[in-house]
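Peer 1: Following this line is data.csv, made up of CSV, C-alpha atoms:
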```csv
chain,number,residue,atom,x,y,z
A,23,MET,CA,190.3,112.3,5.6
A,24,ALA,CA,188.5,111.7,2.3
A,25,GLU,CA,191.6,110.1,0.7
A,26,HIS,CA,192.1,107.4,3.3
A,27,SER,CA,188.5,107.1,4.3
A,28,SER,CA,187.5,103.4,4.5
A,29,HIS,CA,184.1,104.2,3.0
A,30,SER,CA,184.8,104.9,-0.7
A,31,HIS,CA,182.5,106.8,-2.9
A,32,GLY,CA,183.3,104.9,-6.1
A,33,THR,CA,184.1,106.3,-9.4
A,34,MET,CA,182.1,107.8,-12.3
A,35,GLY,CA,182.4,104.5,-14.1
A,36,GLN,CA,180.9,102.5,-11.2
A,37,LEU,CA,178.1,105.1,-10.9
A,38,MET,CA,177.2,104.8,-14.6
A,39,ILE,CA,177.4,101.0,-14.7
A,40,GLY,CA,175.0,101.0,-11.7
A,41,PHE,CA,172.7,103.5,-13.4
A,42,VAL,CA,172.5,101.6,-16.7
A,43,LEU,CA,171.8,98.3,-14.8
A,44,ALA,CA,169.2,99.9,-12.6
A,45,VAL,CA,167.4,101.4,-15.6
A,46,ILE,CA,167.3,98.1,-17.4
A,47,LEU,CA,166.2,96.2,-14.3
A,48,SER,CA,163.4,98.8,-13.7
A,49,ILE,CA,162.1,99.1,-17.3
A,50,ILE,CA,161.6,95.3,-17.7
A,51,PRO,CA,159.1,94.9,-14.8
A,52,PHE,CA,157.2,98.1,-15.7
A,53,TYR,CA,157.0,97.0,-19.3
A,54,LEU,CA,155.7,93.5,-18.3
A,55,VAL,CA,152.9,95.2,-16.3
A,56,MET,CA,152.0,98.2,-18.5
A,57,ALA,CA,152.1,96.3,-21.9
A,58,ASP,CA,150.0,93.4,-20.7
A,59,VAL,CA,152.5,90.8,-21.8
A,60,GLU,CA,151.0,87.4,-22.4
A,61,MET,CA,152.5,85.2,-19.6
A,62,SER,CA,151.2,83.3,-16.7
A,63,ARG,CA,150.5,85.4,-13.6
A,64,THR,CA,153.0,83.5,-11.4
A,65,THR,CA,155.8,83.9,-14.0
A,66,ILE,CA,155.4,87.6,-14.2
A,67,ILE,CA,155.3,88.0,-10.4
A,68,GLY,CA,158.4,85.8,-10.2
A,69,ILE,CA,160.2,87.9,-12.8
A,70,ILE,CA,159.3,91.2,-11.0
A,71,MET,CA,160.4,89.9,-7.6
A,72,GLY,CA,163.5,88.3,-9.0
A,73,LEU,CA,164.6,91.5,-10.9
A,74,GLY,CA,163.8,93.6,-7.8
A,75,ALA,CA,166.2,91.4,-5.7
A,76,VAL,CA,168.9,91.7,-8.4
A,77,GLN,CA,168.5,95.5,-8.5
A,78,ILE,CA,168.8,95.7,-4.7
A,79,ILE,CA,172.2,93.9,-5.1
A,80,VAL,CA,173.2,96.2,-7.9
A,81,HIS,CA,172.4,99.3,-5.7
A,82,LEU,CA,174.3,97.8,-2.8
A,83,VAL,CA,177.4,97.1,-4.9
A,84,TYR,CA,177.5,100.1,-7.2
A,85,PHE,CA,176.0,102.9,-5.1
A,86,LEU,CA,176.5,101.9,-1.5
A,87,HIS,CA,179.8,100.1,-2.1
A,88,VAL,CA,179.1,97.2,0.3
A,89,ASN,CA,181.9,94.6,0.2
A,90,ARG,CA,184.0,92.5,2.5
A,91,SER,CA,186.7,95.1,2.9
A,92,VAL,CA,184.7,98.2,3.9
A,93,GLU,CA,185.1,99.1,7.6
A,94,GLU,CA,187.1,95.9,8.1
A,95,GLY,CA,184.0,93.9,7.3
A,96,TRP,CA,181.7,95.5,9.8
A,97,THR,CA,179.4,96.9,7.2
A,98,LEU,CA,178.9,93.4,5.7
A,99,ALA,CA,178.4,91.9,9.2
A,100,ALA,CA,175.8,94.5,10.1
A,101,SER,CA,174.0,93.9,6.8
A,102,VAL,CA,174.0,90.2,7.3
A,103,LEU,CA,172.5,90.5,10.7
A,104,ALA,CA,169.8,92.9,9.4
A,105,ILE,CA,169.0,90.4,6.6
A,106,ILE,CA,168.7,87.5,9.1
A,107,ILE,CA,166.3,89.6,11.2
A,108,LEU,CA,164.3,90.6,8.1
A,109,CYS,CA,163.9,87.0,7.0
A,110,ILE,CA,162.7,86.0,10.5
A,111,VAL,CA,160.2,88.9,10.5
A,112,LEU,CA,158.9,88.4,7.0
A,113,ALA,CA,158.8,84.6,7.0
A,114,GLY,CA,157.4,84.5,10.5
A,115,SER,CA,154.6,87.0,9.9
A,116,LEU,CA,153.5,85.4,6.7
A,117,TRP,CA,153.6,81.9,8.1
A,118,VAL,CA,151.8,82.8,11.4
A,119,MET,CA,149.2,85.0,9.8
A,120,HIS,CA,148.6,82.4,7.0
A,121,ASN,CA,147.9,79.7,9.6
A,122,MET,CA,145.7,82.1,11.6
A,123,ASN,CA,143.6,82.8,8.5
A,124,GLU,CA,143.4,79.1,7.6
A,125,ASN,CA,142.2,78.2,11.1
A,126,MET,CA,139.8,81.1,11.6
A,127,MET,CA,136.1,80.3,12.0
A,128,PRO,CA,134.3,81.5,8.8
A,129,MET,CA,132.8,84.9,9.5
A,130,PRO,CA,129.0,84.9,8.8
A,131,SER,CA,127.9,87.5,6.3
A,132,GLN,CA,125.6,90.3,7.3
A,133,GLU,CA,122.5,88.6,6.0
A,134,GLN,CA,123.3,85.4,7.8
A,135,MET,CA,123.8,87.4,11.0
A,136,LEU,CA,120.3,89.0,10.6
A,137,GLU,CA,118.8,85.6,10.0
A,138,MET,CA,120.5,84.2,13.1
A,139,MET,CA,119.1,87.1,15.2
A,140,ASN,CA,115.6,86.6,13.8
A,141,LEU,CA,115.8,82.9,14.7
A,142,GLN,CA,116.9,83.8,18.3
A,143,ASN,CA,114.1,86.3,18.6
A,144,GLN,CA,111.5,83.7,17.5
A,145,GLN,CA,112.8,81.2,19.9
A,146,GLY,CA,113.0,83.6,22.8
B,5,MET,CA,180.6,109.2,21.0
B,6,LEU,CA,182.9,107.1,23.2
B,7,ASP,CA,185.4,107.0,20.5
B,8,THR,CA,185.7,110.8,20.0
B,9,PRO,CA,189.2,111.0,21.5
B,10,ILE,CA,190.6,108.8,18.8
B,11,THR,CA,189.5,111.0,15.9
B,12,GLY,CA,188.9,114.3,17.7
B,13,PRO,CA,191.2,117.2,18.2
B,14,ILE,CA,193.5,115.2,20.5
B,15,GLU,CA,194.9,113.6,17.3
B,16,GLY,CA,196.9,116.7,16.4
B,17,PRO,CA,199.1,117.3,19.5
B,18,GLU,CA,200.2,113.7,19.6
B,19,GLY,CA,202.7,114.7,16.9
B,20,PRO,CA,204.7,112.0,15.0
B,21,ASP,CA,202.6,109.2,16.4
B,22,HIS,CA,199.4,110.4,14.8
B,23,HIS,CA,199.8,108.4,11.6
B,24,GLN,CA,198.9,105.4,13.7
B,25,ASP,CA,195.4,106.7,13.9
B,26,HIS,CA,194.9,106.2,10.2
B,27,HIS,CA,193.5,102.8,11.2
B,28,HIS,CA,190.9,104.5,13.4
B,29,VAL,CA,189.1,106.6,10.8
B,30,SER,CA,185.8,108.2,11.9
B,31,PRO,CA,183.3,105.7,13.4
B,32,THR,CA,180.5,107.7,11.8
B,33,PRO,CA,180.0,105.6,8.6
B,34,ILE,CA,179.7,102.3,10.3
B,35,GLY,CA,177.5,103.8,13.0
B,36,PHE,CA,175.3,105.3,10.4
B,37,TRP,CA,175.2,102.0,8.5
B,38,ILE,CA,173.9,100.3,11.6
B,39,TYR,CA,171.2,103.0,11.9
B,40,LEU,CA,170.3,102.3,8.3
B,41,MET,CA,170.0,98.6,9.0
B,42,SER,CA,167.6,99.3,11.9
B,43,ASP,CA,165.6,101.5,9.4
B,44,CYS,CA,165.7,98.5,7.0
B,45,ILE,CA,164.1,96.4,9.7
B,46,ILE,CA,161.4,99.0,10.2
B,47,PHE,CA,160.6,98.9,6.5
B,48,GLY,CA,160.8,95.1,6.6
B,49,THR,CA,158.0,94.9,9.3
B,50,LEU,CA,155.9,97.4,7.2
B,51,PHE,CA,156.4,95.2,4.1
B,52,ALA,CA,155.4,92.2,6.2
B,53,THR,CA,152.3,94.1,7.4
B,54,TYR,CA,151.4,95.0,3.8
B,55,ALA,CA,151.9,91.3,2.8
B,56,VAL,CA,149.6,90.1,5.5
B,57,LEU,CA,146.9,92.8,5.2
B,58,GLY,CA,147.2,93.6,1.5
B,59,GLY,CA,144.4,91.4,0.4
B,60,ASN,CA,141.8,92.7,2.9
B,61,TYR,CA,139.7,95.2,0.9
B,62,ALA,CA,136.7,95.3,3.3
B,63,GLY,CA,134.5,95.6,0.2
B,64,GLY,CA,136.4,98.6,-0.9
B,65,PRO,CA,138.6,99.3,-4.0
B,66,GLY,CA,141.6,97.0,-4.7
B,67,PRO,CA,145.0,97.7,-6.3
B,68,LYS,CA,143.7,97.4,-9.9
B,69,ASP,CA,141.1,100.1,-9.3
B,70,LEU,CA,143.6,102.5,-7.6
B,71,PHE,CA,147.2,102.1,-8.8
B,72,GLU,CA,148.5,103.8,-11.9
B,73,PRO,CA,151.8,102.2,-13.1
B,74,GLY,CA,152.6,105.3,-15.2
B,75,LEU,CA,152.8,107.5,-12.1
B,76,VAL,CA,154.9,104.9,-10.3
B,77,ALA,CA,157.3,104.7,-13.3
B,78,TRP,CA,157.8,108.5,-13.1
B,79,GLU,CA,158.5,108.3,-9.3
B,80,THR,CA,161.0,105.5,-9.9
B,81,ALA,CA,162.7,107.5,-12.6
B,82,LEU,CA,163.0,110.6,-10.5
B,83,LEU,CA,164.3,108.8,-7.5
B,84,LEU,CA,166.8,106.8,-9.5
B,85,ILE,CA,168.1,110.0,-11.2
B,86,SER,CA,168.3,111.8,-7.9
B,87,SER,CA,170.5,108.9,-6.6
B,88,ILE,CA,172.8,109.4,-9.6
B,89,THR,CA,173.0,113.1,-9.3
B,90,PHE,CA,173.9,112.7,-5.6
B,91,GLY,CA,176.6,110.3,-6.7
B,92,VAL,CA,178.0,113.0,-9.0
B,93,ALA,CA,177.8,115.5,-6.2
B,94,MET,CA,179.8,113.1,-4.0
B,95,LEU,CA,182.5,112.7,-6.7
B,96,ASN,CA,182.8,116.4,-7.1
B,97,ALA,CA,183.1,116.8,-3.3
B,98,THR,CA,185.9,114.3,-3.1
B,99,ALA,CA,187.6,116.2,-6.0
B,100,HIS,CA,187.3,119.4,-3.8
B,101,LYS,CA,185.0,121.2,-6.3
B,102,LEU,CA,182.7,123.1,-4.0
B,103,GLY,CA,180.7,124.9,-6.7
B,104,SER,CA,179.7,121.9,-8.7
B,105,THR,CA,179.1,119.9,-5.5
B,106,ILE,CA,176.5,122.5,-4.4
B,107,MET,CA,175.0,122.6,-7.9
B,108,TRP,CA,174.6,118.8,-8.1
B,109,LEU,CA,173.1,118.7,-4.6
B,110,ILE,CA,170.5,121.3,-5.6
B,111,ILE,CA,169.7,119.3,-8.7
B,112,THR,CA,169.3,116.2,-6.5
B,113,VAL,CA,166.9,118.0,-4.2
B,114,LEU,CA,164.8,119.1,-7.2
B,115,PHE,CA,164.5,115.5,-8.4
B,116,GLY,CA,163.6,114.5,-4.8
B,117,ALA,CA,161.0,117.2,-4.7
B,118,GLY,CA,159.5,116.0,-8.0
B,119,PHE,CA,159.2,112.5,-6.5
B,120,LEU,CA,157.5,113.9,-3.4
B,121,ALA,CA,155.1,116.0,-5.5
B,122,ILE,CA,153.9,112.9,-7.5
B,123,GLU,CA,153.5,110.9,-4.2
B,124,LEU,CA,151.5,113.7,-2.6
B,125,TYR,CA,149.3,114.0,-5.7
B,126,GLU,CA,148.7,110.2,-5.6
B,127,PHE,CA,147.8,110.3,-1.8
B,128,HIS,CA,145.6,113.3,-2.3
B,129,HIS,CA,143.8,111.7,-5.2
B,130,LEU,CA,143.3,108.4,-3.3
B,131,ILE,CA,141.9,110.2,-0.2
B,132,HIS,CA,139.7,112.4,-2.5
B,133,ILE,CA,138.0,109.4,-4.2
B,134,GLY,CA,137.3,107.8,-0.7
B,135,ALA,CA,140.3,105.4,-0.8
B,136,GLY,CA,142.1,106.9,2.2
B,137,PRO,CA,144.0,105.0,4.9
B,138,ASP,CA,140.8,104.5,6.9
B,139,ARG,CA,139.0,102.7,4.0
B,140,SER,CA,140.4,99.1,4.4
B,141,ALA,CA,143.3,97.2,6.0
B,142,PHE,CA,144.9,97.1,2.6
B,143,LEU,CA,144.9,100.9,2.3
B,144,SER,CA,146.0,101.4,5.9
B,145,ALA,CA,149.1,99.2,5.2
B,146,PHE,CA,149.7,100.9,1.9
B,147,PHE,CA,149.6,104.4,3.2
B,148,LEU,CA,151.7,103.4,6.2
B,149,LEU,CA,154.5,101.8,4.1
B,150,VAL,CA,154.6,104.2,1.2
B,151,GLY,CA,154.1,107.2,3.6
B,152,THR,CA,157.0,106.1,5.8
B,153,HIS,CA,159.2,106.0,2.8
B,154,GLY,CA,157.9,109.4,1.7
B,155,LEU,CA,158.6,110.9,5.1
B,156,HIS,CA,162.2,109.6,4.9
B,157,VAL,CA,162.6,111.3,1.5
B,158,THR,CA,161.2,114.5,3.0
B,159,PHE,CA,163.7,114.5,5.9
B,160,GLY,CA,166.5,113.6,3.5
B,161,SER,CA,165.5,116.7,1.4
B,162,ILE,CA,165.5,118.9,4.5
B,163,TRP,CA,168.9,117.5,5.4
B,164,LEU,CA,170.1,118.1,1.9
B,165,ILE,CA,169.0,121.8,1.9
B,166,THR,CA,170.6,122.3,5.3
B,167,LEU,CA,173.9,120.8,4.0
B,168,VAL,CA,173.9,123.2,1.0
B,169,PHE,CA,173.8,126.1,3.5
B,170,GLN,CA,176.5,124.5,5.6
B,171,LEU,CA,178.7,124.0,2.5
B,172,ARG,CA,178.2,127.6,1.4
B,173,LYS,CA,179.2,128.8,4.8
B,174,HIS,CA,182.1,126.4,5.7
B,175,GLY,CA,183.1,124.8,2.4
B,176,LEU,CA,184.3,121.2,2.1
B,177,ILE,CA,185.7,120.8,5.6
B,178,GLU,CA,186.0,117.4,7.2
B,179,ALA,CA,182.8,117.7,9.2
B,180,ASN,CA,180.9,118.5,6.0
B,181,MET,CA,182.5,115.7,4.1
B,182,ARG,CA,181.3,113.3,6.9
B,183,ARG,CA,177.8,114.8,6.7
B,184,LEU,CA,177.8,114.4,2.9
B,185,SER,CA,178.9,110.8,2.9
B,186,THR,CA,176.3,109.8,5.6
B,187,LEU,CA,173.5,111.6,3.7
B,188,SER,CA,174.8,109.9,0.5
B,189,MET,CA,174.3,106.5,2.2
B,190,PHE,CA,170.8,107.6,3.4
B,191,TRP,CA,169.8,108.8,-0.1
B,192,HIS,CA,171.0,105.7,-1.9
B,193,PHE,CA,169.3,103.5,0.8
B,194,LEU,CA,165.9,105.2,0.2
B,195,ASP,CA,166.3,104.4,-3.5
B,196,LEU,CA,167.0,100.8,-2.5
B,197,ILE,CA,163.8,100.6,-0.4
B,198,TRP,CA,161.8,102.1,-3.3
B,199,ILE,CA,162.8,99.1,-5.4
B,200,GLY,CA,160.9,97.0,-2.9
B,201,VAL,CA,158.0,99.4,-3.0
B,202,PHE,CA,157.5,99.6,-6.7
B,203,SER,CA,158.0,95.9,-7.2
B,204,PHE,CA,156.1,94.5,-4.3
B,205,VAL,CA,153.5,97.1,-3.4
B,206,TYR,CA,152.5,98.3,-6.9
B,207,LEU,CA,153.6,96.1,-9.8
B,208,VAL,CA,153.0,92.7,-8.4
B,209,ARG,CA,149.5,93.7,-7.3
B,210,LEU,CA,148.7,94.9,-10.8
B,211,VAL,CA,149.5,91.7,-12.6
```
Could you render the structure as structure tokens?
Peer 2:
Amino acid sequence: MAEHSSHSHGTMGQLMIGFVLAVILSIIPFYLVMADVEMSRTTIIGIIMGLGAVQIIVHLVYFLHVNRSVEEGWTLAASVLAIIILCIVLAGSLWVMHNMNENMMPMPSQEQMLEMMNLQNQQG
Amino acid sequence: MLDTPITGPIEGPEGPDHHQDHHHVSPTPIGFWIYLMSDCIIFGTLFATYAVLGGNYAGGPGPKDLFEPGLVAWETALLLISSITFGVAMLNATAHKLGSTIMWLIITVLFGAGFLAIELYEFHHLIHIGAGPDRSAFLSAFFLLVGTHGLHVTFGSIWLITLVFQLRKHGLIEANMRRLSTLSMFWHFLDLIWIGVFSFVYLVRLV
């Protein structure tokens, strides 16, 4: 069964290429954070997120062997569906919650609350 | 389960026709992949929760007070190496080398245990200094997401140990090969989720 299994397990070469790429793609973001590199905050965040996305693709290709031919394309189809749902969940949550936070009444601080209660007591 | 007749024991008695079934290999890998995708959506919602709540500290400590990138780097290294050693175990299994397959699986579970040890140390430390999951929305979301990943690694390790016993008892039979290849997907998938965790949960918040 292993010989004609449609889900291949790759070769030693693929494994090592994936490993080297993953190491490089992990060391750069950790270095940026741990060595306090002089760069704007947004640039560093962008680089970290970008390298993370690339590394996910590296893992999918070299370790999980996702491509168009595996299981007659069903693996890819299931993955694409999952990614679409993920995008809806992530973008939707961030968008809705951002709007909610924007439109929320400002919460009074504890001191302001006490002040308001004192005022009410005096009036009453 | 509906498809069992195609790949099950019925395949044998069919005689000369059975080579036709080569197109119908076991449906397990694709089924397991669909399970992994559902897991992916669970993690996606937890990442979204963290993204939404991650800034609400309720006057408590924030990421820069709590996270130690050195520890996270060690966790990342251990999990990545465990992914590679599993890959080597898989290659040995397809080459029908039972002894080295078991050896590499045991090495994998040791690296996995190292990862879990660091994570438990971190959680214990955070709870000890009063930054437990009940401290703020940020910490609730953090513990939920990272803890869910840790639980997956824990169950993956239990599965790994179970499989080592199965392999010692029955060898590299077809059923064990199927279990190995599904666990291999599971293990690599956890490494993949960890990329999101170390980038998005830890590093980005330390910039």
Peer 1: Out of B:Ile122, B:Leu102, B:Val56, B:Leu40, which residue has the shortest atom-to-atom distance to chain A when counting only C-alpha atoms?
Peer 2: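 Smallest distance to chain A is found for B:Val56.
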Peer 1: I'd like to know which of A:Leu136, A:Leu43, A:Leu116, A:Ala57 is closest to chain B, using all atoms listed in the file.
Peer 2: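 Looking only at the distances to chain B, the closest residue turns out to be A:Leu116.
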Peer 1: Just the residues within 10 Å of segment 77-91 of chain A, please, counting all atoms listed in the file, with nothing from its chain fewer than 2 positions along; format it as a PyMOL selection string.
Peer 2: (chain A and resi 28-33+35-41+43-48+71-75+93-99+101) or (chain B and resi 87-88+91+188-193+195-200)
Peer 1: How about saving the chosen residues, C-alpha atoms kept, as a tab-separated table (two decimals), keeping the file's coordinate frame?
Peer 2:
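Writing the result to selection-v3.tsv gives the following:
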```
chain	number	residue	atom	x	y	z
A	28	SER	CA	187.50	103.40	4.50
A	29	HIS	CA	184.10	104.20	3.00
A	30	SER	CA	184.80	104.90	-0.70
A	31	HIS	CA	182.50	106.80	-2.90
A	32	GLY	CA	183.30	104.90	-6.10
A	33	THR	CA	184.10	106.30	-9.40
A	35	GLY	CA	182.40	104.50	-14.10
A	36	GLN	CA	180.90	102.50	-11.20
A	37	LEU	CA	178.10	105.10	-10.90
A	38	MET	CA	177.20	104.80	-14.60
A	39	ILE	CA	177.40	101.00	-14.70
A	40	GLY	CA	175.00	101.00	-11.70
A	41	PHE	CA	172.70	103.50	-13.40
A	43	LEU	CA	171.80	98.30	-14.80
A	44	ALA	CA	169.20	99.90	-12.60
A	45	VAL	CA	167.40	101.40	-15.60
A	46	ILE	CA	167.30	98.10	-17.40
A	47	LEU	CA	166.20	96.20	-14.30
A	48	SER	CA	163.40	98.80	-13.70
A	71	MET	CA	160.40	89.90	-7.60
A	72	GLY	CA	163.50	88.30	-9.00
A	73	LEU	CA	164.60	91.50	-10.90
A	74	GLY	CA	163.80	93.60	-7.80
A	75	ALA	CA	166.20	91.40	-5.70
A	93	GLU	CA	185.10	99.10	7.60
A	94	GLU	CA	187.10	95.90	8.10
A	95	GLY	CA	184.00	93.90	7.30
A	96	TRP	CA	181.70	95.50	9.80
A	97	THR	CA	179.40	96.90	7.20
A	98	LEU	CA	178.90	93.40	5.70
A	99	ALA	CA	178.40	91.90	9.20
A	101	SER	CA	174.00	93.90	6.80
B	87	SER	CA	170.50	108.90	-6.60
B	88	ILE	CA	172.80	109.40	-9.60
B	91	GLY	CA	176.60	110.30	-6.70
B	188	SER	CA	174.80	109.90	0.50
B	189	MET	CA	174.30	106.50	2.20
B	190	PHE	CA	170.80	107.60	3.40
B	191	TRP	CA	169.80	108.80	-0.10
B	192	HIS	CA	171.00	105.70	-1.90
B	193	PHE	CA	169.30	103.50	0.80
B	195	ASP	CA	166.30	104.40	-3.50
B	196	LEU	CA	167.00	100.80	-2.50
B	197	ILE	CA	163.80	100.60	-0.40
B	198	TRP	CA	161.80	102.10	-3.30
B	199	ILE	CA	162.80	99.10	-5.40
B	200	GLY	CA	160.90	97.00	-2.90
```
Peer 1: Near chain B, meaning an atom within 6 Å, which residues of chain A appear when counting all atoms listed in the file? Write them as a list in words.
Peer 2: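 Those within range of chain B come out as Ile67, Ile78, Ala104, Leu108 and Leu112 of chain A.
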Peer 1: From the set A:Val76, A:Ile66, A:Ala113, A:Val118, which residue has the shortest atom-to-atom contact distance to Pro51 of chain A, counting only C-alpha atoms?
Peer 2: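 Among the listed residues, the smallest separation from Pro51 of chain A belongs to A:Ile66.
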Peer 1: Near Ser86 of chain B, within 7 Å and counting only C-alpha atoms, which residues show up once chain neighbours fewer than 3 positions away are dropped, as a ChimeraX atom specification?
Peer 2: /B:82-83,89-90,112,115-116
Peer 1: Just give me the gap between atom CA of Ala145 of chain B and atom CA of His129 of chain B in Å, one decimal is fine.
Peer 2: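 One can read the atom CA of Ala145 of chain B to atom CA of His129 of chain B distance as 17.1 Å.
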Peer 1: In Å, rounded to a single decimal, give me how far atom CA of Glu79 of chain B is from atom CA of Thr158 of chain B.
Peer 2: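 Atom CA of Glu79 of chain B lies 14.0 Å from atom CA of Thr158 of chain B.
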Peer 1: So how far away is atom CA of Phe146 of chain B from atom CA of Tyr54 of chain B, in Å?
Peer 2: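 Separation of atom CA of Tyr54 of chain B and atom CA of Phe146 of chain B: 6.4 Å.
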Peer 1: So, counting all atoms listed in the file, which residue among B:Leu109, B:Tyr125, B:Gly136, B:Gly118 is closest to Leu148 of chain B?
Peer 2: B:Gly136
Peer 1: Add whatever atoms are absent from segment 124-131 of chain A to reach all heavy atoms, and provide the output as a PDB file, in the coordinates of the input.
Peer 2:
```
ATOM      1  N   GLU A 124     143.875  80.461   7.995  1.00  0.00           N
ATOM      2  CA  GLU A 124     143.400  79.100   7.600  1.00  0.00           C
ATOM      3  C   GLU A 124     142.483  78.568   8.743  1.00  0.00           C
ATOM      4  O   GLU A 124     141.483  77.913   8.462  1.00  0.00           O
ATOM      5  CB  GLU A 124     144.578  78.174   7.457  1.00  0.00           C
ATOM      6  CG  GLU A 124     145.390  78.440   6.216  1.00  0.00           C
ATOM      7  CD  GLU A 124     144.677  77.996   4.955  1.00  0.00           C
ATOM      8  OE1 GLU A 124     144.470  76.783   4.805  1.00  0.00           O
ATOM      9  OE2 GLU A 124     144.316  78.873   4.142  1.00  0.00           O
ATOM     10  N   ASN A 125     142.857  78.813   9.994  1.00  0.00           N
ATOM     11  CA  ASN A 125     142.200  78.200  11.100  1.00  0.00           C
ATOM     12  C   ASN A 125     141.060  79.030  11.703  1.00  0.00           C
ATOM     13  O   ASN A 125     140.464  78.682  12.709  1.00  0.00           O
ATOM     14  CB  ASN A 125     143.168  77.820  12.213  1.00  0.00           C
ATOM     15  CG  ASN A 125     144.163  76.793  11.719  1.00  0.00           C
ATOM     16  OD1 ASN A 125     143.786  75.866  11.019  1.00  0.00           O
ATOM     17  ND2 ASN A 125     145.424  76.990  12.038  1.00  0.00           N
ATOM     18  N   MET A 126     140.811  80.172  11.067  1.00  0.00           N
ATOM     19  CA  MET A 126     139.800  81.100  11.600  1.00  0.00           C
ATOM     20  C   MET A 126     138.411  80.500  11.299  1.00  0.00           C
ATOM     21  O   MET A 126     138.173  79.914  10.253  1.00  0.00           O
ATOM     22  CB  MET A 126     139.935  82.423  10.900  1.00  0.00           C
ATOM     23  CG  MET A 126     139.097  83.475  11.524  1.00  0.00           C
ATOM     24  SD  MET A 126     140.116  84.487  12.552  1.00  0.00           S
ATOM     25  CE  MET A 126     140.311  85.869  11.465  1.00  0.00           C
ATOM     26  N   MET A 127     137.470  80.699  12.247  1.00  0.00           N
ATOM     27  CA  MET A 127     136.100  80.300  12.000  1.00  0.00           C
ATOM     28  C   MET A 127     135.563  81.182  10.850  1.00  0.00           C
ATOM     29  O   MET A 127     135.820  82.384  10.829  1.00  0.00           O
ATOM     30  CB  MET A 127     135.236  80.620  13.236  1.00  0.00           C
ATOM     31  CG  MET A 127     135.514  79.696  14.378  1.00  0.00           C
ATOM     32  SD  MET A 127     134.409  78.295  14.378  1.00  0.00           S
ATOM     33  CE  MET A 127     132.909  79.083  14.966  1.00  0.00           C
ATOM     34  N   PRO A 128     134.838  80.618   9.906  1.00  0.00           N
ATOM     35  CA  PRO A 128     134.300  81.500   8.800  1.00  0.00           C
ATOM     36  C   PRO A 128     133.362  82.514   9.403  1.00  0.00           C
ATOM     37  O   PRO A 128     132.486  82.200  10.208  1.00  0.00           O
ATOM     38  CB  PRO A 128     133.578  80.465   7.921  1.00  0.00           C
ATOM     39  CG  PRO A 128     133.435  79.219   8.719  1.00  0.00           C
ATOM     40  CD  PRO A 128     134.475  79.210   9.766  1.00  0.00           C
ATOM     41  N   MET A 129     133.587  83.752   9.000  1.00  0.00           N
ATOM     42  CA  MET A 129     132.800  84.900   9.500  1.00  0.00           C
ATOM     43  C   MET A 129     131.417  84.837   8.787  1.00  0.00           C
ATOM     44  O   MET A 129     131.364  84.802   7.564  1.00  0.00           O
ATOM     45  CB  MET A 129     133.451  86.187   9.247  1.00  0.00           C
ATOM     46  CG  MET A 129     134.568  86.498  10.214  1.00  0.00           C
ATOM     47  SD  MET A 129     133.924  87.161  11.748  1.00  0.00           S
ATOM     48  CE  MET A 129     133.745  88.873  11.300  1.00  0.00           C
ATOM     49  N   PRO A 130     130.280  84.870   9.528  1.00  0.00           N
ATOM     50  CA  PRO A 130     129.000  84.900   8.800  1.00  0.00           C
ATOM     51  C   PRO A 130     128.809  86.271   8.149  1.00  0.00           C
ATOM     52  O   PRO A 130     129.285  87.290   8.623  1.00  0.00           O
ATOM     53  CB  PRO A 130     127.975  84.760   9.985  1.00  0.00           C
ATOM     54  CG  PRO A 130     128.696  85.163  11.213  1.00  0.00           C
ATOM     55  CD  PRO A 130     130.153  84.891  10.979  1.00  0.00           C
ATOM     56  N   SER A 131     128.137  86.258   7.002  1.00  0.00           N
ATOM     57  CA  SER A 131     127.900  87.500   6.300  1.00  0.00           C
ATOM     58  C   SER A 131     126.783  88.275   7.042  1.00  0.00           C
ATOM     59  O   SER A 131     126.151  87.756   7.971  1.00  0.00           O
ATOM     60  CB  SER A 131     127.460  87.243   4.868  1.00  0.00           C
ATOM     61  OG  SER A 131     126.168  86.693   4.874  1.00  0.00           O
TER      62      SER A 131
END
```
